[in-house]
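> If it helps, the file is called model30.cif and holds mmCIF, C-alpha atoms:
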data_structure
loop_
_atom_site.label_atom_id
_atom_site.label_comp_id
_atom_site.auth_asym_id
_atom_site.auth_seq_id
_atom_site.Cartn_x
_atom_site.Cartn_y
_atom_site.Cartn_z
CA MET A 7 0.00 0.00 0.00
CA LYS A 8 1.52 3.32 -1.06
CA ILE A 9 0.80 5.81 1.67
CA SER A 10 2.03 9.37 1.87
CA TYR A 11 3.23 10.60 5.23
CA TYR A 12 2.42 14.16 6.29
CA PRO A 13 4.44 15.26 9.34
CA GLY A 14 3.25 18.84 9.83
CA CYS A 15 5.27 21.76 11.19
CA THR A 16 5.92 20.60 14.74
CA LEU A 17 6.98 16.97 14.26
CA LYS A 18 10.30 18.14 12.84
CA ASN A 19 11.32 20.14 15.90
CA HIS A 20 9.43 20.31 19.22
CA ALA A 21 7.77 16.95 18.56
CA LYS A 22 10.64 15.07 16.91
CA ASN A 23 10.04 12.40 19.55
CA PHE A 24 6.59 11.88 18.00
CA GLU A 25 7.97 11.61 14.45
CA ASP A 26 10.88 9.33 15.27
CA SER A 27 8.82 6.94 17.39
CA SER A 28 6.01 6.84 14.77
CA LEU A 29 8.39 6.09 11.92
CA PHE A 30 10.26 3.49 13.98
CA ALA A 31 6.98 1.76 14.85
CA LEU A 32 5.77 1.81 11.24
CA SER A 33 9.08 0.48 9.96
CA HIS A 34 9.04 -2.31 12.55
CA LEU A 35 5.52 -3.21 11.39
CA GLY A 36 6.67 -3.36 7.78
CA VAL A 37 4.54 -0.39 6.70
CA ASP A 38 6.09 1.69 3.98
CA VAL A 39 5.24 5.39 4.13
CA GLN A 40 6.74 8.14 1.96
CA GLU A 41 7.14 11.60 3.38
CA LEU A 42 5.35 14.08 1.10
CA SER A 43 7.63 16.19 -0.99
CA ARG A 44 7.22 20.00 -0.70
CA TRP A 45 4.55 19.75 1.99
CA ASN A 46 3.51 22.99 3.64
CA CYS A 47 1.91 23.80 6.96
CA CYS A 48 -1.68 22.56 6.92
CA GLY A 49 -2.90 25.64 8.75
CA THR A 50 -3.41 23.83 12.08
CA VAL A 51 -7.06 24.90 12.43
CA PHE A 52 -9.99 24.58 10.09
CA SER A 53 -11.57 27.96 9.44
CA LEU A 54 -15.16 28.05 10.64
CA ALA A 55 -16.36 31.12 8.73
CA THR A 56 -18.55 30.22 5.74
CA ASP A 57 -17.00 32.80 3.41
CA ASP A 58 -13.37 32.04 4.15
CA LEU A 59 -11.77 30.16 1.29
CA MET A 60 -8.30 31.59 1.82
CA HIS A 61 -7.65 29.48 4.89
CA HIS A 62 -8.53 26.31 3.02
CA LEU A 63 -5.72 26.78 0.51
CA ALA A 64 -2.98 25.44 2.78
CA PRO A 65 -4.58 22.05 3.48
CA ILE A 66 -5.81 21.59 -0.11
CA ARG A 67 -2.36 22.38 -1.48
CA ASN A 68 -1.00 19.48 0.58
CA LEU A 69 -3.59 17.18 -0.96
CA ILE A 70 -2.38 18.27 -4.38
CA ARG A 71 1.10 17.19 -3.25
CA VAL A 72 -0.33 13.76 -2.42
CA LYS A 73 -1.68 13.47 -5.97
CA GLU A 74 1.70 14.64 -7.32
CA ALA A 75 3.29 11.77 -5.39
CA GLU A 76 0.92 9.46 -7.31
CA SER A 77 -0.74 8.43 -4.11
CA ASP A 78 -4.31 8.82 -2.95
CA LYS A 79 -3.84 8.17 0.73
CA VAL A 80 -2.10 10.35 3.27
CA MET A 81 -1.43 9.53 6.90
CA THR A 82 -0.51 11.91 9.70
CA PRO A 83 0.22 11.24 13.39
CA CYS A 84 -0.69 14.80 14.45
CA ALA A 85 -4.31 15.14 15.53
CA MET A 86 -4.57 18.80 14.51
CA CYS A 87 -3.18 18.15 11.03
CA TYR A 88 -5.54 15.20 10.65
CA ASN A 89 -8.52 17.33 11.68
CA THR A 90 -7.65 20.28 9.44
CA LEU A 91 -6.79 18.22 6.36
CA LYS A 92 -9.84 16.01 6.73
CA ARG A 93 -12.31 18.84 7.31
CA ALA A 94 -10.90 20.87 4.43
CA ASN A 95 -11.22 17.79 2.22
CA GLU A 96 -14.83 17.20 3.28
CA TYR A 97 -15.58 20.88 2.74
CA VAL A 98 -14.37 20.92 -0.85
CA LYS A 99 -16.04 17.60 -1.60
CA ASN A 100 -19.37 19.10 -0.48
CA ASN A 101 -18.83 22.47 -2.18
CA PRO A 102 -17.70 21.83 -5.77
CA GLU A 103 -18.15 25.50 -6.74
CA ASN A 104 -15.74 26.60 -4.00
CA LEU A 105 -13.35 23.79 -4.88
CA ASP A 106 -13.31 25.23 -8.38
CA LYS A 107 -12.54 28.71 -7.01
CA ILE A 108 -9.73 27.27 -4.89
CA ASN A 109 -8.26 25.45 -7.89
CA GLN A 110 -8.52 28.60 -10.01
CA PHE A 111 -6.70 30.58 -7.32
CA MET A 112 -3.93 27.98 -7.23
CA TYR A 113 -3.75 28.03 -11.01
CA ARG A 114 0.03 27.54 -10.99
CA GLU A 115 -0.32 24.07 -9.51
CA LYS A 116 0.03 21.37 -12.16
CA ILE A 117 -2.86 19.34 -10.77
CA GLU A 118 -6.45 20.42 -10.11
CA TYR A 119 -7.67 18.88 -6.90
CA LYS A 120 -10.76 16.70 -7.26
CA GLY A 121 -11.47 15.72 -3.64
CA ASP A 122 -10.14 12.22 -4.16
CA VAL A 123 -7.49 11.87 -1.47
CA GLU A 124 -8.19 9.79 1.62
CA ILE A 125 -6.86 11.22 4.87
CA LEU A 126 -6.02 8.87 7.72
CA HIS A 127 -4.85 9.46 11.23
CA LEU A 128 -2.05 7.07 12.25
CA LEU A 129 -4.39 5.30 14.69
CA GLU A 130 -6.85 4.58 11.86
CA LEU A 131 -4.05 3.19 9.75
CA LEU A 132 -2.93 0.96 12.60
CA LYS A 133 -6.41 -0.31 13.41
CA ASP A 134 -7.94 -0.69 9.95
CA GLU A 135 -5.02 -1.52 7.68
CA VAL A 136 -2.11 -2.79 9.74
CA LYS A 137 -4.53 -4.51 12.15
CA PHE A 138 -4.06 -4.79 15.89
CA ASP A 139 -3.37 -8.55 15.71
CA HIS A 140 -0.34 -7.88 13.55
CA ILE A 141 0.87 -5.25 16.03
CA LYS A 142 0.56 -7.74 18.89
CA LYS A 143 2.61 -10.31 16.98
CA LYS A 144 5.40 -7.82 16.32
CA MET A 145 5.73 -6.84 19.98
CA THR A 146 8.99 -7.83 21.67
CA LYS A 147 8.66 -6.17 25.06
CA PRO A 148 5.17 -6.11 26.65
CA LEU A 149 4.60 -2.98 28.72
CA SER A 150 3.57 -4.97 31.79
CA ASP A 151 2.63 -3.18 34.97
CA LEU A 152 2.41 0.22 33.28
CA LYS A 153 -0.82 2.13 33.97
CA VAL A 154 -1.58 4.36 31.00
CA ALA A 155 -4.24 7.05 30.74
CA SER A 156 -5.16 7.83 27.12
CA TYR A 157 -5.87 11.50 26.46
CA TYR A 158 -7.68 12.14 23.19
CA GLY A 159 -8.27 15.88 23.42
CA CYS A 160 -10.55 17.49 20.84
CA TYR A 161 -9.31 17.09 17.34
CA LEU A 162 -9.18 13.30 17.08
CA VAL A 163 -12.85 12.90 17.87
CA ARG A 164 -14.67 16.20 17.17
CA PRO A 165 -16.63 17.03 15.08
CA GLN A 166 -18.14 13.55 15.13
CA SER A 167 -18.41 13.56 11.33
CA ILE A 168 -14.64 13.21 10.99
CA GLY A 169 -13.82 11.73 14.39
CA ILE A 170 -11.80 8.51 14.40
CA ASP A 171 -13.91 7.16 17.26
CA ASP A 172 -16.92 8.07 19.43
CA ALA A 173 -16.72 11.73 20.48
CA GLU A 174 -17.89 11.14 24.05
CA ASN A 175 -16.28 7.81 24.86
CA PRO A 176 -13.52 6.87 22.42
CA THR A 177 -11.59 3.67 23.16
CA ILE A 178 -9.21 3.15 20.24
CA ILE A 179 -6.06 4.23 22.10
CA GLU A 180 -7.03 2.13 25.13
CA GLU A 181 -7.39 -0.90 22.84
CA LEU A 182 -3.90 -0.31 21.51
CA ILE A 183 -2.53 0.18 25.04
CA SER A 184 -4.10 -3.12 26.17
CA LEU A 185 -2.62 -5.14 23.40
CA LEU A 186 0.82 -3.63 24.12
CA GLY A 187 0.50 -5.27 27.54
CA ALA A 188 -0.11 -2.12 29.54
CA GLN A 189 -3.12 -1.37 31.71
CA PRO A 190 -5.42 1.31 30.24
CA ILE A 191 -6.81 3.70 32.85
CA ASP A 192 -10.10 5.39 31.97
CA PHE A 193 -10.81 8.87 33.28
CA PRO A 194 -13.65 11.36 32.73
CA TYR A 195 -11.63 14.17 31.12
CA LYS A 196 -10.06 12.18 28.29
CA THR A 197 -11.79 14.31 25.64
CA GLU A 198 -11.68 17.58 27.56
CA CYS A 199 -9.94 20.39 25.67
CA CYS A 200 -6.42 21.27 26.85
CA GLY A 201 -6.83 24.91 25.79
CA ALA A 202 -4.84 24.46 22.58
CA TYR A 203 -3.56 27.75 21.13
CA GLN A 204 -4.56 29.76 24.23
CA THR A 205 -1.12 28.68 25.44
CA VAL A 206 0.55 31.48 23.45
CA ASP A 207 -1.15 34.55 24.93
CA LYS A 208 -3.10 33.11 27.89
CA PRO A 209 -0.95 30.37 29.45
CA GLU A 210 -2.88 30.72 32.72
CA VAL A 211 -5.99 29.37 30.95
CA VAL A 212 -4.01 26.31 29.88
CA ALA A 213 -2.50 25.87 33.35
CA GLU A 214 -6.05 25.62 34.72
CA ARG A 215 -7.08 23.08 32.06
CA THR A 216 -3.93 21.05 32.68
CA PHE A 217 -4.67 20.99 36.39
CA GLN A 218 -8.24 19.77 35.88
CA ILE A 219 -7.31 17.12 33.32
CA LEU A 220 -4.25 15.73 35.10
CA GLN A 221 -5.89 15.81 38.51
CA SER A 222 -8.61 13.63 37.01
CA VAL A 223 -5.90 11.27 35.69
CA GLN A 224 -4.10 11.08 39.01
CA SER A 225 -7.29 10.31 40.91
CA LYS A 226 -7.24 7.03 38.93
CA GLN A 227 -3.56 6.38 39.74
CA ALA A 228 -2.14 6.28 36.22
CA ASP A 229 1.66 6.18 35.78
CA VAL A 230 1.77 8.10 32.48
CA VAL A 231 -0.56 9.86 30.04
CA VAL A 232 -0.37 9.27 26.28
CA VAL A 233 -1.42 11.81 23.67
CA SER A 234 -1.55 12.09 19.89
CA CYS A 235 -1.07 15.80 19.40
CA PRO A 236 2.04 17.98 19.82
CA LEU A 237 -0.04 20.85 21.18
CA CYS A 238 -1.74 18.64 23.78
CA ALA A 239 1.72 17.28 24.65
CA PHE A 240 3.10 20.79 25.12
CA ASN A 241 0.13 21.96 27.18
CA LEU A 242 -0.13 18.89 29.40
CA ASP A 243 3.65 18.48 29.80
CA HIS A 244 5.47 21.83 29.62
CA ARG A 245 2.62 23.87 31.12
CA GLN A 246 2.84 21.73 34.28
CA LYS A 247 5.43 24.36 35.21
CA GLU A 248 2.73 27.06 35.31
CA THR A 249 0.26 24.66 36.92
CA GLU A 250 2.54 23.87 39.86
CA GLN A 251 2.98 27.61 40.47
CA ILE A 252 -0.78 28.10 40.81
CA TYR A 253 -1.47 24.79 42.60
CA PRO A 254 1.47 23.90 44.87
CA GLU A 255 -0.15 20.56 45.77
CA PHE A 256 -0.14 19.49 42.10
CA LYS A 257 1.77 16.26 41.44
CA ASN A 258 3.67 15.95 38.15
CA ILE A 259 3.01 13.11 35.70
CA PRO A 260 4.95 12.28 32.52
CA ILE A 261 3.26 12.81 29.15
CA LEU A 262 4.17 10.52 26.25
CA TYR A 263 3.10 10.02 22.67
CA PHE A 264 1.34 6.70 22.15
CA THR A 265 3.94 5.90 19.46
CA GLN A 266 6.73 6.19 22.04
CA LEU A 267 5.07 3.36 23.98
CA MET A 268 4.74 1.39 20.76
CA ALA A 269 8.43 1.95 20.00
CA ILE A 270 9.39 0.74 23.49
CA ALA A 271 7.20 -2.35 23.04
CA PHE A 272 9.00 -2.95 19.73
CA GLY A 273 12.42 -2.80 21.44
CA CYS A 274 13.62 0.52 20.06
CA PRO A 275 17.00 2.09 20.90
CA GLU A 276 16.63 4.92 23.42
CA ASP A 277 17.65 7.70 21.03
CA VAL A 278 14.40 7.11 19.06
CA LEU A 279 12.42 8.23 22.11
CA LYS A 280 14.08 11.68 22.45
CA PHE A 281 13.15 12.12 26.10
CA ASP A 282 15.17 15.36 26.26
CA LEU A 283 12.21 17.07 24.53
CA HIS A 284 9.99 16.41 27.53
CA TYR A 285 9.54 18.71 30.51
CA ILE A 286 8.49 16.02 32.99
CA ASP A 287 11.04 13.26 32.54
CA PRO A 288 9.42 9.89 31.74
CA LYS A 289 12.70 7.98 32.26
CA SER A 290 12.37 7.31 35.97
CA ILE A 291 8.92 5.72 35.85
CA LEU A 292 9.81 3.68 32.76
CA LYS A 293 13.07 2.48 34.36
CA LYS A 294 11.16 1.59 37.51
CA LYS A 295 8.85 -0.63 35.44
CA GLY A 296 11.83 -2.24 33.72
CA LEU A 297 10.83 -0.92 30.31
CA ILE A 298 13.98 1.03 29.45
CA MET B 25 -27.18 48.05 33.89
CA ILE B 26 -29.82 48.76 31.28
CA ILE B 27 -30.12 46.48 28.29
CA LYS B 28 -32.44 47.77 25.60
CA ILE B 29 -34.28 44.96 23.83
CA SER B 30 -36.07 46.16 20.75
CA LYS B 31 -37.65 44.79 17.62
CA ASN B 32 -35.12 46.85 15.65
CA ASN B 33 -32.21 44.94 17.13
CA VAL B 34 -33.58 41.45 16.76
CA ARG B 35 -33.29 41.30 12.98
CA ASN B 36 -30.58 43.90 12.50
CA LYS B 37 -27.55 43.73 10.21
CA PHE B 38 -25.37 42.30 12.95
CA VAL B 39 -27.68 39.32 13.50
CA LYS B 40 -27.85 38.66 9.77
CA LYS B 41 -24.06 38.86 9.50
CA VAL B 42 -23.55 36.40 12.36
CA GLU B 43 -25.97 33.96 10.74
CA GLU B 44 -24.32 34.38 7.36
CA LEU B 45 -20.76 33.91 8.61
CA SER B 46 -21.64 31.02 10.89
CA GLY B 47 -24.18 29.34 8.61
CA GLN B 48 -26.33 28.77 11.71
CA ASP B 49 -30.00 29.49 12.48
CA LEU B 50 -29.77 31.38 15.78
CA LEU B 51 -33.51 31.09 16.48
CA ALA B 52 -33.22 27.28 16.60
CA CYS B 53 -31.64 27.62 20.06
CA TYR B 54 -34.08 27.07 22.90
CA GLN B 55 -31.57 27.79 25.67
CA CYS B 56 -31.27 24.31 27.08
CA GLY B 57 -27.75 25.14 28.37
CA LYS B 58 -26.01 21.88 27.35
CA CYS B 59 -23.37 23.86 25.49
CA SER B 60 -22.47 25.82 28.62
CA ALA B 61 -22.61 22.69 30.76
CA GLY B 62 -20.03 20.99 28.55
CA CYS B 63 -17.77 23.93 27.76
CA PRO B 64 -14.33 23.37 29.35
CA ALA B 65 -13.48 27.08 29.31
CA VAL B 66 -16.46 28.40 31.32
CA SER B 67 -14.37 29.09 34.42
CA GLN B 68 -12.52 31.74 32.37
CA MET B 69 -15.62 33.18 30.69
CA ASP B 70 -17.73 36.24 31.52
CA ILE B 71 -20.72 35.24 29.40
CA LEU B 72 -21.56 31.57 28.83
CA PRO B 73 -21.98 29.94 25.40
CA ASN B 74 -25.77 29.75 25.71
CA GLN B 75 -25.80 33.43 26.73
CA ILE B 76 -23.70 34.24 23.67
CA ILE B 77 -26.40 32.69 21.49
CA ARG B 78 -29.12 34.57 23.38
CA LEU B 79 -27.34 37.91 22.99
CA ALA B 80 -26.80 37.18 19.32
CA GLN B 81 -30.50 36.31 18.90
CA LEU B 82 -31.41 39.65 20.45
CA GLY B 83 -28.91 41.57 18.33
CA LEU B 84 -27.07 42.86 21.42
CA LYS B 85 -23.73 43.16 19.73
CA ASN B 86 -22.00 45.50 22.18
CA GLU B 87 -22.24 42.97 25.00
CA LEU B 88 -20.73 40.38 22.68
CA PHE B 89 -17.99 42.66 21.41
CA LYS B 90 -16.91 43.51 24.98
CA SER B 91 -16.88 39.90 26.18
CA LYS B 92 -13.81 37.94 27.18
CA SER B 93 -15.58 34.68 26.40
CA ILE B 94 -15.23 34.82 22.63
CA TRP B 95 -11.44 35.00 23.01
CA VAL B 96 -11.18 32.25 25.59
CA CYS B 97 -13.01 29.81 23.33
CA ALA B 98 -10.62 27.26 21.82
CA SER B 99 -13.10 25.91 19.25
CA CYS B 100 -12.99 22.52 20.94
CA MET B 101 -16.43 21.69 19.48
CA THR B 102 -17.81 20.20 22.69
CA CYS B 103 -20.76 22.59 22.43
CA ASN B 104 -21.48 21.50 18.85
CA THR B 105 -21.32 17.85 19.84
CA ARG B 106 -23.79 18.30 22.71
CA CYS B 107 -26.39 20.65 21.16
CA PRO B 108 -29.71 18.82 20.76
CA LYS B 109 -30.77 21.16 17.98
CA GLY B 110 -27.62 20.60 15.94
CA ILE B 111 -26.52 24.21 16.21
CA ASN B 112 -22.81 24.82 15.80
CA ILE B 113 -22.19 27.25 18.66
CA ALA B 114 -18.45 27.22 17.93
CA GLU B 115 -19.20 28.60 14.45
CA VAL B 116 -21.37 31.36 15.96
CA ILE B 117 -18.55 32.37 18.32
CA GLU B 118 -16.09 32.28 15.40
CA ALA B 119 -18.46 34.58 13.46
CA VAL B 120 -18.43 37.17 16.27
CA ARG B 121 -14.62 36.96 16.45
CA GLN B 122 -14.39 37.38 12.67
CA ILE B 123 -16.65 40.44 12.67
CA LEU B 124 -14.27 42.06 15.17
CA LEU B 125 -11.06 40.89 13.49
CA ARG B 126 -12.24 42.14 10.13
CA LYS B 127 -12.37 45.63 11.64
CA ARG B 128 -8.55 45.37 11.47
CA LYS B 129 -8.14 45.03 15.22
CA ASP B 130 -6.15 41.92 16.09
CA HIS B 131 -6.73 40.21 19.42
CA VAL B 132 -3.07 39.25 19.71
CA GLU B 133 -0.37 41.84 18.97
CA ILE B 134 2.41 39.67 17.65
CA LYS B 135 5.00 42.42 18.12
CA ASN B 136 4.22 42.47 21.85
CA LEU B 137 5.10 38.82 22.34
CA THR B 138 8.58 38.32 23.78
CA GLU B 139 11.21 36.17 22.05
CA GLU B 140 10.94 33.75 24.93
CA GLU B 141 7.16 33.49 24.59
CA LYS B 142 7.46 32.86 20.88
CA SER B 143 10.25 30.28 21.01
CA CYS B 144 9.12 28.20 23.98
CA VAL B 145 5.84 27.17 22.37
CA PRO B 146 5.71 24.78 19.39
CA PRO B 147 5.03 26.22 15.90
CA ILE B 148 1.60 24.57 15.89
CA ALA B 149 0.55 26.80 18.81
CA LEU B 150 1.77 30.02 17.19
CA ILE B 151 0.13 29.29 13.87
CA ALA B 152 -3.20 28.30 15.39
CA ASN B 153 -3.17 31.31 17.70
CA PHE B 154 -2.45 33.76 14.91
CA ARG B 155 -5.01 32.17 12.58
CA LYS B 156 -7.71 32.51 15.22
CA PHE B 157 -6.77 35.83 16.79
CA THR B 158 -5.53 37.99 13.93
CA GLY B 159 -7.40 39.29 10.91
#
Will you turn the file into structure tokens for me?

Amino acid sequence: MKISYYPGCTLKNHAKNFEDSSLFALSHLGVDVQELSRWNCCGTVFSLATDDLMHHLAPIRNLIRVKEAESDKVMTPCAMCYNTLKRANEYVKNNPENLDKINQFMYREKIEYKGDVEILHLLELLKDEVKFDHIKKKMTKPLSDLKVASYYGCYLVRPQSIGIDDAENPTIIEELISLLGAQPIDFPYKTECCGAYQTVDKPEVVAERTFQILQSVQSKQADVVVVSCPLCAFNLDHRQKETEQIYPEFKNIPILYFTQLMAIAFGCPEDVLKFDLHYIDPKSILKKKGLI
Amino acid sequence: MIIKISKNNVRNKFVKKVEELSGQDLLACYQCGKCSAGCPAVSQMDILPNQIIRLAQLGLKNELFKSKSIWVCASCMTCNTRCPKGINIAEVIEAVRQILLRKRKDHVEIKNLTEEEKSCVPPIALIANFRKFTG
């Protein structure tokens, strides 16, 4: 299966741990993905105004790149990229007149986009095409005795029309966690917004969200939290610094990408995990459980 | 505080613009409050999501323009998911933000952000913030 890989702006720097662990896991599973050539930022958010075509150009241009790569499937690990690309794609598929305007505006592109690219989040690829049974067979180090809370955030599951799982009670990451040998810990705030881009100009808003979400996790005694979005990772991990200033009783908890756990279960070398990019160090809990 | 409710406001240009930009039928809302109950940002808000819809229905644009709520919204779509009438409240809030941003007044002054503020956050945060908060 020829699948294009779309990393997005942050996986090459702040979230290199997400990229490296995802690509290691995919390679271990025998899945061949090709990074898109000349990809641009997807825009990160889908514009909600009905008259705004300008903000749809960035995601649609990436889909033209997919067609240029002679592929019709693109996969991304980043939840925000997935959400933006998918919603832009659905928008143009449902509005052929506006798709035409967008194509006319991007007249210097060699290909006119027809709405025929399929966009997958990495979790969908793993569940529907690679299959969880195959993942279980390829595991070399079960993550025994590790209690993992799966945080979905917003963009993986909302709006429901493009969500990869149920918007109120998704379970796909927990299923993956279980088969990797770890113990999934459910908690009520797993789809509660982390505050996203408020972190730039209103970090105190995010510190409050982080406190509420992680307090909910800790009440269930999880060891670590896994996420699928570099912005959620930043807010839940790095903003713990602001949270502990407002709430001195707050207890830190490491935040990991679900692909880092997969990579560990597949016996990866430690440099794939790039733990130096984390604020709360996951090494001590993982060493304690005998996983690294 | 005096709020003037009048027939002239209820179908004024502002209301029509909000409906046009959001693509939503404001009068479909019957104020059940599920949007506000689910909104994760309410602790930081001055007017609640259901109140935003009510003010928009009544054409009370000044209250909306002054509010902190529309800038604390992160478009998480919880309100949309919960609304029993299928109204996209997030789109309505985006419409009010857009009306203000299109007056050439950005919510975030990029030149006022420090180097530290800009470099410590990932690119995804900066881009999303500027897309939502600048015109």
> Rank A:Phe264, A:Phe30, A:Trp45, A:Phe111 by their smallest atom-to-atom distance to Ser156 (chain A), using only C-alpha atoms, and report the top residue only.
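Closest candidate: A:Phe264.
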> For CA of Thr90 (chain A) and CA of Cys199 (chain A), determine how far apart the two atoms are, in Å to one decimal place.
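Distance between the two atoms: 16.4 Å.
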> Neighbouring residues of Gly273 (chain A) were defined as those with any atom within 12 Å, considering only C-alpha atoms; residues of the same chain fewer than 2 positions away were excluded. Please report them as JSON, numbers by chain.
{"A": [27, 30, 31, 34, 144, 145, 146, 147, 148, 149, 186, 266, 267, 268, 269, 270, 271, 275, 276, 277, 278, 279, 297, 298]}
> Between CA of Ala94 (chain A) and CA of Cys47 (chain A), what is the distance, to one decimal in Å?
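Spanning CA of Ala94 (chain A) to CA of Cys47 (chain A) is a straight-line distance of 13.4 Å.
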> What residues come out when you apply the PyMOL selection byres ((chain A) within 7 of (chain B)) to this file, written as a list in words?
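Taken over the shown coordinates, the PyMOL selection byres ((chain A) within 7 of (chain B)) returns Cys15, Thr16, His20, Gly49, Thr50, Val51, Leu54, Ala55, Thr56, Asp57, Cys160, Arg164, Pro165, Glu198, Cys199, Gly201, Ala202, Tyr203, Gln204, Val206 and Leu237 of chain A.
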> Between CA of Ile183 (chain A) and CA of Ala155 (chain A), what is the spacing in Å?
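For CA of Ala155 (chain A) relative to CA of Ile183 (chain A), the distance reads 9.1 Å.
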> List every protein, DNA or RNA residue that has at least one atom no more than 12 Å from (-8.0, 7.8, 10.2) in the file's coordinates, counting all atoms listed in the file, and write the result as a count of residues only.
33
> At a cut-off of 8 Å, using only C-alpha atoms, what residues contact Lys92 (chain B)? Leave out same-chain residues fewer than 4 positions from it and give the result as a PyMOL selection string.
chain B and resi 69-71+96
> Lys8 (chain A): which residues within 8 Å, counting only C-alpha atoms, same-chain residues fewer than 3 positions away excluded, as number ranges by chain?
A: 38-40, 77, 79
> Using all atoms listed in the file, which residues sit within 7 Å of Asn74 (chain B) once same-chain residues fewer than 6 positions away are excluded, as a PDB file with C-alpha atoms, in the coordinates of the input?

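Writing the result to around_10.pdb gives the following:
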ATOM      1  CA  GLN B  55     -31.570  27.790  25.670  1.00  0.00           C
ATOM      2  CA  GLY B  57     -27.750  25.140  28.370  1.00  0.00           C
ATOM      3  CA  CYS B  59     -23.370  23.860  25.490  1.00  0.00           C
ATOM      4  CA  SER B  60     -22.470  25.820  28.620  1.00  0.00           C
TER       5      SER B  60
END
> Tell me, as a list of chain:residue names, which residues lie within 6 Å of Asp130 (chain B), counting only C-alpha atoms; anything in the same chain fewer than 2 positions away does not count.
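The filter keeps B:Leu125, B:Val132, B:Thr158, B:Gly159.
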> Under the rule that all atoms listed in the file are counted, which of A:Thr205, A:Pro194, A:Leu17, A:Gln246 is the nearest residue to Phe217 (chain A)?
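Once distances to Phe217 (chain A) are computed over all atoms listed in the file, the minimum belongs to A:Gln246.
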> Here is a test: counting all atoms listed in the file, which residue of A:Ser10, A:Gln189, A:Asn258, A:Ser43 is nearest to Leu220 (chain A)?
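Checking each candidate against Leu220 (chain A), we get A:Asn258 as the closest.
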> Quick one: of B:Arg128, B:Ile76, B:Ala61, B:Val66, who's nearest to Lys90 (chain B), counting all atoms listed in the file?
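With all atoms listed in the file as the atom set, the closest residue is B:Ile76.
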